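The block underneath contains the structure these notes are about, expressed in structure tokens.
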Amino acid sequence: MTIHALRSAGLPRLQLPCLAKLERAVVAMQDPDMGVKLRHQRLLITAIPHAMTGSDVVAWLAQKYGVAEEEALHLGNLIVKHGYIYPLKDPRSLVLRADETPYRFQEDYSQLHKRINHAWDFVVMQAREQLRAAKQRRRGDRIVTECQEQAYWLVNRSLVQNADYYKQEIRFCRAAMSRTRVKSSICLEGYIKFNDQYAPHDPIMSGCLPSNPWITDDTTYWAMNAPAVCMPTKLRVERWSFSFQELLSDLLGRGQFLEFLQKEFSAENLSFWEACEALRHGEQARIAEMVDSIYQQFLAPSATRWVNIDSKTMERTLEGIKNPHRHVMDDAQMHIYMLMKKDSYPRFLKSEAYKNLLAEALIPPETKRRVFPFMRKPRHSSPSPALLPSGDHEVKADERSRGSREPPDFLA
């Protein structure tokens with residue numbers, strides 16, 4: 001009668017409340033006394049037994065639930081689409097027609113997997129016997145079986161029937177298998193290199209020079225590494241060569257880089273980058289004003305500090321300016337950032353200005369440093385008496401008794 005899907009353990013799957021209501025309606029429709037009247041229906045020149053018409057189904061639903069004909073037709077369509085009844089005239093169209101189109105109740109197909117649990121040879125032999133029996137079956141029975149199976153597989157078909165989907169999945173899996181992956185040894189080498197590079201600049205791992213301001217009252221370390229100082233430390237200047245982002249994140253390093261760009265007549269690139277950063281983190285009420293100021297100063301045809309941006313990036317930026325927001329300049333900012341990183345930054349590291357700054361950088365006076373300067377010297381406990389020889393144990397006991405009678409050194 002109805003279609004039930006079984007789990008792998010053979011237990012029925014829980015039905016949704018809406019499907020449970022539909023099944024109750026279908027059970028009521030199959031009642032021999034109060035249900036839909038089943039009789040032989042003509043399909044062309046063939047008589048179909050135990051069938052019903054679409055008009056009978058609509059009339060029974062309207063009378064049973066006291067609804068209008070439109071609502072009864074809609075309920076009947078839901079019953080057909082969920083596979084509880086199927087049409088005999090056009091089994092590929094799961095629609096209930098309120099006319100003389102014949103319909104039948106769907107049988108249970110959930111036990112099909114129990115029938116096909118033998119060897120493949122037996123399945124082939126059984127299929128041949130079924131084919132021979134089907135040829136001897138009456139024409140009406142053959143039409144009923146074919147329509148029933150077609151309606152069932154239309155309801156229970158797989159979600160994806162397009163071969164292109166599986167081809168795409170195969171290409172994705174092949175690309176994933178052939179994707180270049182970094183070896184763990186190379187990753188570990190990268191971590192070690194990063195640690196060796198940044199370890200001297202870590203105040204906890206390498207200590208602070210000239211003193212540790214976290215455990216002492218001397219704040220010289222903070223004063224020497226302030227954002228704006230006359231002469232930076234050598235460790236600070238060396239850190240600028242680690243990456244371009246390290247240079248821009250330091251206000252003093254950014255100022256030195258700006259002086260270098262001014263000598264190369266390209267200081268507008270860094271000014272444009274700073275203006276975009278101010279726009280990204282600025283006030284929401286001034287977004288439109290800041291976007292217009294950046295455009296007039298750096299992007300307009302008559303701009304006083306025009307920056308060189310490719311045509312595609314300029315088109316996207318000009319299109320975004322029509323509806324200004326804080327990220328409208330991101331593409332142009334990234335273009336200028338990569339231009340400075342690949343062109344100006346390497347020349348800055350090779351310039352005489354950076355070399356002189358590195359040579360004249362301040363080196364704090366050397367002091368005794370530990371790996372963890374805030375840690376005290378650990379105390380060593382005396383060995384257990386059970387681990388000492390008997391003679392040594394007596395000597396240790398005599399020393400403790402003698403030491404208890406003698407006053408301490410600081411009291412002598």
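Please note that chains go A, B, ... in the order of the structure tokens, that every chain numbers its residues from 1, and that ligands are numbered from 1 in the order shown.
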Please report as CSV every residue of region 122-162 of chain A lying within 10 Å of region 36-46 of chain A, along with the nearest atom pair and their distance in Å (one decimal), using only C-alpha atoms.
residue,atom,partner,partner_atom,distance
A:Arg138,CA,A:Thr46,CA,9.7
A:Arg139,CA,A:Thr46,CA,7.3
A:Gly140,CA,A:Thr46,CA,5.8
A:Asp141,CA,A:Thr46,CA,9.5
A:Ile143,CA,A:Thr46,CA,9.0
_Can you tell me which residues surround region 92-95 of chain A at a distance of at most 12 Å, considering only C-alpha atoms, apart from same-chain residues fewer than 3 positions away, and format the answer as an NGL selection string?_
:A and (54 or 73-89 or 98-99 or 101-103 or 146-155)
For region 252-273 of chain A versus region 326-340 of chain A, which residues have an atom no more than 12 Å away, and what is each residue's nearest atom pair and distance in Å rounded to one decimal, using only C-alpha atoms, chain-then-number order, as a Markdown table?
| residue | atom | partner | partner_atom | distance |
| --- | --- | --- | --- | --- |
| A:Phe257 | CA | A:Met340 | CA | 10.3 |
| A:Leu258 | CA | A:Met340 | CA | 11.2 |
| A:Phe260 | CA | A:Met340 | CA | 11.8 |
| A:Leu261 | CA | A:Met340 | CA | 9.6 |
| A:Glu264 | CA | A:Met340 | CA | 11.9 |
| A:Ser266 | CA | A:Met340 | CA | 9.4 |
| A:Ala267 | CA | A:Met340 | CA | 10.2 |
| A:Glu268 | CA | A:Ile336 | CA | 9.9 |
| A:Asn269 | CA | A:Ile336 | CA | 6.3 |
| A:Leu270 | CA | A:Met340 | CA | 8.0 |
| A:Ser271 | CA | A:Ile336 | CA | 10.3 |
| A:Phe272 | CA | A:Gln333 | CA | 7.5 |
| A:Trp273 | CA | A:Gln333 | CA | 5.8 |
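Going from CA of Met52 (chain A) over to CA of Glu100 (chain A), you cover 8.5 Å.
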*With distances taken over only C-alpha atoms, which of A:Leu349, A:Val26, A:Ala127, A:Met34 is nearest to Ser243 (chain A)?*
A:Leu349
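When CA of Gln297 (chain A) is paired with CA of Arg347 (chain A), their separation reads 26.3 Å.
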Residues of region 215-235 of chain A that have any atom at most 12 Å from an atom of region 239-242 of chain A: could you tabulate them with the shortest-distance atom pair and the distance in Å to one decimal, using only C-alpha atoms, ordered by chain and increasing number, as a tab-separated table?
residue	atom	partner	partner_atom	distance
A:Pro232	CA	A:Arg239	CA	11.2
A:Thr233	CA	A:Arg239	CA	10.1
A:Lys234	CA	A:Arg239	CA	8.6
A:Leu235	CA	A:Arg239	CA	6.2
